[in-house]
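Next comes final_4.cif, with mmCIF, C-alpha atoms and all ligand atoms.
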```cif
data_upload
#
loop_
_atom_site.label_atom_id
_atom_site.label_comp_id
_atom_site.auth_asym_id
_atom_site.auth_seq_id
_atom_site.Cartn_x
_atom_site.Cartn_y
_atom_site.Cartn_z
CA MET A 29 -71.66 33.43 45.41
CA GLY A 30 -74.77 31.29 44.96
CA LYS A 31 -74.99 28.29 42.64
CA PHE A 32 -75.93 28.69 39.00
CA ILE A 33 -77.88 25.73 37.54
CA THR A 34 -79.24 25.52 34.02
CA LEU A 35 -81.63 23.09 32.35
CA GLU A 36 -81.33 22.23 28.67
CA GLY A 37 -82.58 19.92 25.95
CA ILE A 38 -84.49 19.86 22.69
CA GLU A 39 -88.14 20.88 22.72
CA GLY A 40 -90.56 18.62 24.54
CA VAL A 41 -87.98 16.72 26.62
CA GLY A 42 -89.52 17.95 29.87
CA LYS A 43 -87.64 21.07 31.00
CA THR A 44 -90.79 22.84 32.15
CA SER A 45 -92.12 19.63 33.73
CA ASN A 46 -88.94 19.22 35.81
CA LEU A 47 -88.17 22.83 36.72
CA HIS A 48 -90.54 22.88 39.71
CA PHE A 49 -89.25 19.49 40.90
CA ILE A 50 -85.64 20.75 40.88
CA LYS A 51 -86.65 23.96 42.65
CA GLU A 52 -88.33 21.93 45.42
CA LEU A 53 -85.26 19.71 45.86
CA LEU A 54 -83.05 22.78 46.11
CA GLU A 55 -85.35 24.54 48.59
CA VAL A 56 -85.65 21.47 50.83
CA SER A 57 -81.86 21.46 50.87
CA GLY A 58 -81.78 25.10 52.03
CA HIS A 59 -81.26 26.99 48.76
CA ASP A 60 -82.98 30.33 48.24
CA CYS A 61 -83.95 29.95 44.56
CA VAL A 62 -84.52 32.36 41.72
CA VAL A 63 -86.17 30.61 38.76
CA THR A 64 -85.81 32.25 35.39
CA ARG A 65 -85.54 31.48 31.68
CA GLU A 66 -83.83 32.34 28.41
CA PRO A 67 -84.44 33.98 26.14
CA GLY A 68 -86.28 36.14 28.66
CA GLY A 69 -86.12 36.74 32.39
CA THR A 70 -86.23 40.57 32.14
CA ASN A 71 -88.62 43.04 30.48
CA LEU A 72 -86.20 43.56 27.61
CA GLY A 73 -85.41 39.84 27.41
CA GLU A 74 -89.09 38.89 27.23
CA SER A 75 -89.62 41.45 24.44
CA LEU A 76 -86.67 39.96 22.54
CA ARG A 77 -88.08 36.47 23.16
CA GLU A 78 -91.36 37.52 21.58
CA ILE A 79 -89.48 38.75 18.49
CA LEU A 80 -87.20 35.69 18.36
CA LEU A 81 -90.04 33.17 18.56
CA SER A 82 -92.75 34.88 16.57
CA HIS A 83 -91.11 37.04 13.90
CA THR A 84 -92.10 34.79 11.01
CA GLU A 85 -93.29 37.29 8.36
CA ASP A 86 -89.96 38.04 6.67
CA GLY A 87 -87.71 35.70 8.65
CA MET A 88 -84.57 36.69 10.50
CA SER A 89 -80.91 36.53 9.59
CA GLU A 90 -79.01 33.87 11.54
CA ASP A 91 -76.54 36.46 12.88
CA ALA A 92 -79.42 38.66 14.08
CA GLU A 93 -80.87 35.66 15.90
CA LEU A 94 -77.52 34.86 17.53
CA LEU A 95 -76.89 38.45 18.60
CA MET A 96 -80.39 38.84 20.02
CA MET A 97 -79.87 35.71 22.15
CA PHE A 98 -76.75 37.31 23.61
CA ALA A 99 -78.37 40.76 23.92
CA ALA A 100 -81.15 39.19 26.00
CA ARG A 101 -78.48 37.29 27.99
CA ALA A 102 -76.44 40.43 28.73
CA GLU A 103 -79.54 42.10 30.18
CA HIS A 104 -80.47 38.95 32.08
CA LEU A 105 -77.01 38.68 33.63
CA ALA A 106 -76.91 42.36 34.61
CA LYS A 107 -80.44 42.61 36.02
CA VAL A 108 -81.21 39.13 37.41
CA ILE A 109 -78.51 36.45 37.38
CA LEU A 110 -75.45 38.27 38.76
CA PRO A 111 -77.33 40.21 41.47
CA ALA A 112 -78.94 36.96 42.67
CA LEU A 113 -75.65 35.02 42.69
CA GLU A 114 -73.93 37.89 44.52
CA ASN A 115 -76.78 37.73 47.05
CA ASN A 116 -75.94 34.02 47.62
CA GLN A 117 -79.14 32.89 45.91
CA THR A 118 -79.28 29.84 43.68
CA VAL A 119 -80.28 30.67 40.11
CA LEU A 120 -82.19 27.96 38.25
CA CYS A 121 -82.41 28.92 34.60
CA ASP A 122 -84.46 27.24 31.86
CA ARG A 123 -81.84 27.34 29.06
CA PHE A 124 -78.64 29.41 28.85
CA THR A 125 -75.58 29.57 26.60
CA GLU A 126 -75.43 25.82 25.96
CA ALA A 127 -78.69 26.38 24.05
CA THR A 128 -76.86 28.88 21.83
CA TYR A 129 -74.13 26.32 21.09
CA ALA A 130 -76.80 23.71 20.38
CA TYR A 131 -79.33 25.76 18.36
CA GLN A 132 -77.26 28.48 16.68
CA GLY A 133 -74.00 26.48 16.58
CA GLY A 134 -75.41 22.99 15.91
CA GLY A 135 -78.83 23.69 14.40
CA ARG A 136 -77.95 26.75 12.32
CA GLN A 137 -74.30 25.71 11.90
CA LEU A 138 -72.94 29.14 12.84
CA ASP A 139 -69.26 29.54 13.65
CA VAL A 140 -68.61 28.10 17.10
CA ASP A 141 -65.63 30.42 17.72
CA SER A 142 -67.92 33.44 17.28
CA ILE A 143 -70.31 31.97 19.87
CA SER A 144 -67.38 31.36 22.20
CA ASP A 145 -66.16 34.96 21.72
CA LEU A 146 -69.63 36.30 22.54
CA GLU A 147 -69.81 33.98 25.56
CA ASP A 148 -66.52 35.38 26.90
CA TRP A 149 -67.56 38.97 26.14
CA VAL A 150 -71.02 38.79 27.74
CA GLN A 151 -70.28 36.40 30.62
CA GLY A 152 -66.59 36.91 31.41
CA ASP A 153 -65.57 33.82 33.43
CA LEU A 154 -69.11 32.95 34.52
CA ARG A 155 -70.25 29.45 33.56
CA PRO A 156 -73.08 27.45 35.17
CA ASP A 157 -72.02 25.30 38.13
CA LEU A 158 -74.21 22.54 36.72
CA THR A 159 -76.05 22.16 33.42
CA ILE A 160 -78.58 19.33 33.26
CA ILE A 161 -79.31 18.27 29.70
CA LEU A 162 -82.51 16.28 29.33
CA ASP A 163 -81.80 14.02 26.39
CA ALA A 164 -84.29 12.11 24.25
CA PRO A 165 -84.56 11.18 20.59
CA VAL A 166 -85.94 13.95 18.41
CA GLU A 167 -89.11 12.03 17.57
CA ILE A 168 -89.97 11.61 21.26
CA GLY A 169 -89.42 15.32 22.07
CA ARG A 170 -91.37 16.46 19.04
CA ALA A 171 -94.24 14.07 19.69
CA ARG A 172 -94.53 15.32 23.29
CA ALA A 173 -94.28 19.00 22.28
CA GLY A 174 -96.64 18.53 19.35
CA LYS A 175 -99.47 17.48 21.64
CA ARG A 176 -99.25 20.79 23.42
CA SER A 177 -99.33 23.89 21.20
CA GLU A 178 -98.78 25.53 17.80
CA PRO A 179 -95.07 25.48 16.83
CA ASP A 180 -93.18 28.79 17.16
CA ARG A 181 -90.61 30.12 14.63
CA ILE A 182 -87.80 27.83 15.84
CA GLU A 183 -90.04 24.81 16.49
CA LYS A 184 -91.02 24.97 12.80
CA GLU A 185 -87.52 23.72 11.85
CA GLN A 186 -87.16 20.21 10.39
CA ASP A 187 -86.00 17.03 12.17
CA ASP A 188 -82.43 17.26 10.81
CA PHE A 189 -82.08 20.67 12.53
CA PHE A 190 -83.17 19.16 15.87
CA GLN A 191 -80.92 16.15 15.35
CA ARG A 192 -77.94 18.53 15.05
CA VAL A 193 -79.15 20.35 18.18
CA ARG A 194 -79.34 17.07 20.09
CA ASP A 195 -75.93 15.91 18.82
CA THR A 196 -74.39 19.21 19.95
CA TYR A 197 -75.87 18.86 23.43
CA ILE A 198 -74.43 15.34 23.70
CA SER A 199 -71.02 16.55 22.60
CA LEU A 200 -71.11 19.50 25.08
CA ALA A 201 -71.70 16.98 27.89
CA GLU A 202 -68.72 14.95 26.65
CA GLN A 203 -66.48 18.05 26.45
CA HIS A 204 -67.36 19.44 29.91
CA PRO A 205 -68.22 16.48 32.15
CA HIS A 206 -67.21 18.43 35.28
CA ARG A 207 -70.15 20.85 34.82
CA ILE A 208 -72.55 19.36 32.25
CA CYS A 209 -74.48 16.11 32.69
CA LEU A 210 -76.83 14.20 30.44
CA ILE A 211 -80.04 12.59 31.64
CA ASP A 212 -82.08 10.01 29.78
CA ALA A 213 -85.38 11.87 29.38
CA SER A 214 -86.98 9.28 27.09
CA VAL A 215 -88.28 7.34 30.11
CA ASP A 216 -91.26 8.13 32.38
CA LEU A 217 -91.22 11.30 34.49
CA GLU A 218 -90.55 9.48 37.78
CA SER A 219 -87.44 7.80 36.33
CA VAL A 220 -86.23 11.15 34.94
CA GLN A 221 -86.64 12.74 38.37
CA LYS A 222 -84.69 9.93 40.07
CA GLN A 223 -81.79 10.62 37.72
CA ILE A 224 -82.01 14.38 38.38
CA LEU A 225 -81.87 13.80 42.15
CA SER A 226 -78.83 11.58 41.80
CA LYS A 227 -77.01 14.17 39.63
CA LEU A 228 -77.73 16.99 42.11
CA LEU A 229 -76.14 14.81 44.80
CA GLU A 230 -73.22 13.70 42.61
CA TYR A 231 -72.34 17.30 41.68
CA ASN A 232 -72.62 18.39 45.34
CA ILE A 233 -75.43 20.83 44.64
CA ILE A 234 -77.57 19.32 47.41
CA ASP A 235 -76.69 17.18 50.44
CA ALA A 236 -77.87 13.60 50.91
CA PRO A 237 -80.88 13.51 53.26
CA VAL A 238 -79.97 12.53 56.83
CA CYS A 239 -82.10 9.53 57.88
N1 LIG B 301 -83.15 29.13 21.99
C1 LIG B 301 -82.12 29.27 21.08
O1 LIG B 301 -82.27 28.97 19.90
N2 LIG B 301 -80.91 29.76 21.51
C2 LIG B 301 -80.69 30.13 22.80
O2 LIG B 301 -79.59 30.59 23.14
C3 LIG B 301 -81.77 29.96 23.73
C4 LIG B 301 -82.98 29.47 23.29
C5 LIG B 301 -81.56 30.36 25.16
C6 LIG B 301 -87.49 28.71 23.37
O3 LIG B 301 -87.15 27.79 24.35
C7 LIG B 301 -86.68 28.50 22.13
O4 LIG B 301 -85.50 29.30 22.18
C8 LIG B 301 -86.23 27.10 21.93
C9 LIG B 301 -84.71 27.18 21.78
C10 LIG B 301 -84.44 28.62 21.52
N3 LIG B 301 -86.82 26.64 20.71
N4 LIG B 301 -87.03 25.50 20.37
N5 LIG B 301 -87.36 24.55 19.86
P1 LIG B 301 -88.19 27.19 25.38
O5 LIG B 301 -87.36 26.44 26.37
O6 LIG B 301 -89.07 28.21 25.92
O7 LIG B 301 -89.14 26.26 24.52
P2 LIG B 301 -89.05 24.78 24.10
O8 LIG B 301 -87.75 24.18 23.85
O9 LIG B 301 -89.95 24.80 22.96
O10 LIG B 301 -89.51 24.02 25.40
P3 LIG B 301 -90.79 23.23 25.54
O11 LIG B 301 -91.37 22.86 24.22
O12 LIG B 301 -91.62 23.99 26.48
O13 LIG B 301 -90.31 21.84 26.06
P4 LIG B 301 -90.04 21.34 27.51
O14 LIG B 301 -90.23 22.43 28.53
O15 LIG B 301 -88.72 20.68 27.51
O16 LIG B 301 -91.16 20.22 27.70
P5 LIG B 301 -92.42 20.19 28.71
O17 LIG B 301 -93.37 21.30 28.38
O18 LIG B 301 -91.98 20.02 30.10
O19 LIG B 301 -93.04 18.78 28.26
C11 LIG B 301 -93.69 18.61 27.01
C12 LIG B 301 -94.81 17.57 27.16
O20 LIG B 301 -94.25 16.30 27.46
C13 LIG B 301 -95.79 17.87 28.30
O21 LIG B 301 -97.07 17.50 27.89
C14 LIG B 301 -95.32 16.98 29.44
O22 LIG B 301 -96.35 16.61 30.28
C15 LIG B 301 -94.78 15.78 28.68
N6 LIG B 301 -93.64 15.11 29.36
C16 LIG B 301 -92.59 15.69 29.97
N7 LIG B 301 -91.74 14.75 30.45
C17 LIG B 301 -92.28 13.55 30.13
C18 LIG B 301 -91.86 12.19 30.34
N8 LIG B 301 -90.72 11.88 30.97
N9 LIG B 301 -92.64 11.21 29.85
C19 LIG B 301 -93.79 11.51 29.19
N10 LIG B 301 -94.26 12.76 28.95
C20 LIG B 301 -93.50 13.77 29.41
#
```
Reformat the file's structure so that it appears as structure tokens.
Amino acid sequence: MGKFITLEGIEGVGKTSNLHFIKELLEVSGHDCVVTREPGGTNLGESLREILLSHTEDGMSEDAELLMMFAARAEHLAKVILPALENNQTVLCDRFTEATYAYQGGGRQLDVDSISDLEDWVQGDLRPDLTIILDAPVEIGRARAGKRSEPDRIEKEQDDFFQRVRDTYISLAEQHPHRICLIDASVDLESVQKQILSKLLEYNIIDAPVC
């Protein structure tokens, strides 16, 4: 089985900015990478993403949002993630189930046991080998994201929502230190990337370069 690596954090912390950097590190170290994202990664998943992020007219029930995240994930696992892992490829995914714990569990305050039940149902035993959480204060993430584009349906939430999301990410890293690590993403990009490199080495995802 290949390695499964996921990248997480509140909006604007730099997931997109660091995805290519991580892919390059993995490829230099011999990994054959598949880069993908959630919600999305398949035709059905991308259609669900469009609904999830833009369906603003009459809102969306919180349970519908949660179930659509997992519907997109089930398709993603069946069509992209599991076939790649079984083919010994490394899957690098921009967000996965930790985002559901953070946004639907923390942000929306939905029942965590229901999320855990859905996780077991949809994923079985599969959990990422490493989840990198880029962490920065909400005001920094929002200021960076704000410079870029119009907010989508979820980005329109208030700061207290994103504070709960951030707090949940921090607590996930505390609960599962063997597979989830936190990176200080409030600093400049070069310093963030140094931390990412050191975590990939620490978690034995890549080998130290031979000098
Ligand atoms: N969601 C959910 O609710 N439940 C789930 O289960 C899943 C997802 C899977 C879509 O995610 C939404 O889906 C997301 C959670 C929800 N909603 N929110 N909010 P997404 O990942 O596609 O979208 P996003 O969170 O909005 O990501 P983003 O805004 O694209 O942020 P980012 O990728 O982390 O940031 P970036 O684009 O790399 O960087 C933003 C700017 O900051 C950019 O101008 C960079 O040049 C700059 N930047 C980046 N790093 C630095 C540093 N270190 N210093 C200075 N400037 C920097």
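Our summary of the geometry notes that CA of Ile234 (chain A) is positioned 9.0 Å from CA of Val56 (chain A).
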Sorted by chain and rising residue number, which residues of chain A lie within 7 Å of ligand LIG 301 (chain B), and what are their closest atom pairs and distances in Å to one decimal, counting all atoms listed in the file, as a tab-separated table?
```
residue	atom	partner	partner_atom	distance
A:Gly37	CA	B:LIG301	O15	6.4
A:Ile38	CA	B:LIG301	O8	5.5
A:Glu39	CA	B:LIG301	O8	3.5
A:Gly40	CA	B:LIG301	O13	3.6
A:Val41	CA	B:LIG301	O15	4.1
A:Gly42	CA	B:LIG301	O18	3.2
A:Lys43	CA	B:LIG301	O15	3.7
A:Thr44	CA	B:LIG301	O18	3.7
A:Ser45	CA	B:LIG301	O18	3.7
A:Asn46	CA	B:LIG301	O18	6.5
A:Glu66	CA	B:LIG301	C5	4.4
A:Pro67	CA	B:LIG301	C5	4.7
A:Leu81	CA	B:LIG301	C7	6.8
A:Met97	CA	B:LIG301	O2	5.2
A:Asp122	CA	B:LIG301	O5	6.3
A:Arg123	CA	B:LIG301	C5	4.9
A:Phe124	CA	B:LIG301	C5	4.8
A:Thr125	CA	B:LIG301	O2	5.4
A:Glu126	CA	B:LIG301	O2	6.9
A:Ala127	CA	B:LIG301	O2	4.4
A:Thr128	CA	B:LIG301	O2	3.5
A:Tyr131	CA	B:LIG301	O1	4.6
A:Gln132	CA	B:LIG301	O1	6.0
A:Arg172	CA	B:LIG301	O20	4.3
A:Ala173	CA	B:LIG301	C11	4.8
A:Lys175	CA	B:LIG301	O21	6.7
A:Arg176	CA	B:LIG301	O21	6.0
A:Ile182	CA	B:LIG301	N3	5.1
A:Glu183	CA	B:LIG301	N5	4.3
A:Ala213	CA	B:LIG301	N8	5.6
A:Ser214	CA	B:LIG301	N8	6.0
A:Val215	CA	B:LIG301	N8	5.2
A:Asp216	CA	B:LIG301	N8	4.0
A:Leu217	CA	B:LIG301	N8	3.6
A:Val220	CA	B:LIG301	N8	6.0
```
*asked:* What's the separation between CA of Leu53 (chain A) and CA of Arg65 (chain A), in Å to one decimal place?
replied: 18.4 Å
*asked:* Give me the residues near Val63 (chain A) as a ChimeraX atom specification, where near means some atom within 7 Å (using all atoms listed in the file) and where sequence neighbours in that chain fewer than 6 positions away do not count.
replied: /A:119-121
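Between CA of Thr64 (chain A) and CA of Thr34 (chain A) lies a distance of 9.5 Å.
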_Counting all atoms listed in the file, which residue out of A:Cys61, A:Leu80, A:Ala171, A:Val166 sits closest to Asp187 (chain A)?_
A:Val166
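Residues near the point (-73.6, 21.2, 30.8), at a distance of 10 Å or less over all atoms listed in the file, make up Ile33, Thr34, Leu35, Glu36, Phe124, Thr125, Glu126, Ala127, Arg155, Pro156, Asp157, Leu158, Thr159, Ile160, Ile161, Tyr197, Ile198, Ser199, Leu200, Ala201, Glu202, Gln203, His204, Pro205, His206, Arg207, Ile208, Cys209 and Leu210 of chain A.
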List the spatial neighbours of Leu146 (chain A) as a PDB file with C-alpha atoms, in the frame of the given file - criterion: any atom at most 12 Å away, all atoms listed in the file, same-chain residues fewer than 4 positions off excluded.
```pdb
ATOM      1  CA  ASP A  91     -76.540  36.460  12.880  1.00  0.00           C
ATOM      2  CA  LEU A  94     -77.520  34.860  17.530  1.00  0.00           C
ATOM      3  CA  LEU A  95     -76.890  38.450  18.600  1.00  0.00           C
ATOM      4  CA  MET A  96     -80.390  38.840  20.020  1.00  0.00           C
ATOM      5  CA  MET A  97     -79.870  35.710  22.150  1.00  0.00           C
ATOM      6  CA  PHE A  98     -76.750  37.310  23.610  1.00  0.00           C
ATOM      7  CA  ALA A  99     -78.370  40.760  23.920  1.00  0.00           C
ATOM      8  CA  ARG A 101     -78.480  37.290  27.990  1.00  0.00           C
ATOM      9  CA  ALA A 102     -76.440  40.430  28.730  1.00  0.00           C
ATOM     10  CA  THR A 125     -75.580  29.570  26.600  1.00  0.00           C
ATOM     11  CA  THR A 128     -76.860  28.880  21.830  1.00  0.00           C
ATOM     12  CA  TYR A 129     -74.130  26.320  21.090  1.00  0.00           C
ATOM     13  CA  ASP A 139     -69.260  29.540  13.650  1.00  0.00           C
ATOM     14  CA  VAL A 140     -68.610  28.100  17.100  1.00  0.00           C
ATOM     15  CA  ASP A 141     -65.630  30.420  17.720  1.00  0.00           C
ATOM     16  CA  SER A 142     -67.920  33.440  17.280  1.00  0.00           C
ATOM     17  CA  VAL A 150     -71.020  38.790  27.740  1.00  0.00           C
ATOM     18  CA  GLN A 151     -70.280  36.400  30.620  1.00  0.00           C
ATOM     19  CA  GLY A 152     -66.590  36.910  31.410  1.00  0.00           C
ATOM     20  CA  ASP A 153     -65.570  33.820  33.430  1.00  0.00           C
TER      21      ASP A 153
END
```
*Tell me which protein, DNA and RNA residues are within 12 Å of Ser82 (chain A), counting only C-alpha atoms, leaving out same-chain ones fewer than 2 positions away, and put them as a list of chain:residue names.*
A:Glu74, A:Ser75, A:Leu76, A:Arg77, A:Glu78, A:Ile79, A:Leu80, A:Thr84, A:Glu85, A:Asp86, A:Gly87, A:Met88, A:Glu93, A:Glu178, A:Pro179, A:Asp180, A:Arg181, A:Ile182, A:Glu183, A:Lys184
_Residue neighbourhood Met29 (chain A), 8 Å, only C-alpha atoms, exclusion window fewer than 5 positions, as a PyMOL selection string_ = chain A and resi 113-117
Export of prior selection with C-alpha atoms as a compact mmCIF listing (two decimals), keeping the file's coordinate frame:
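Output contents, as saved in again25.txt:
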```
# COMPACT_ATOMS: atom_id res chain seq x y z
CA LEU A 113 -75.65 35.02 42.69
CA GLU A 114 -73.93 37.89 44.52
CA ASN A 115 -76.78 37.73 47.05
CA ASN A 116 -75.94 34.02 47.62
CA GLN A 117 -79.14 32.89 45.91
```
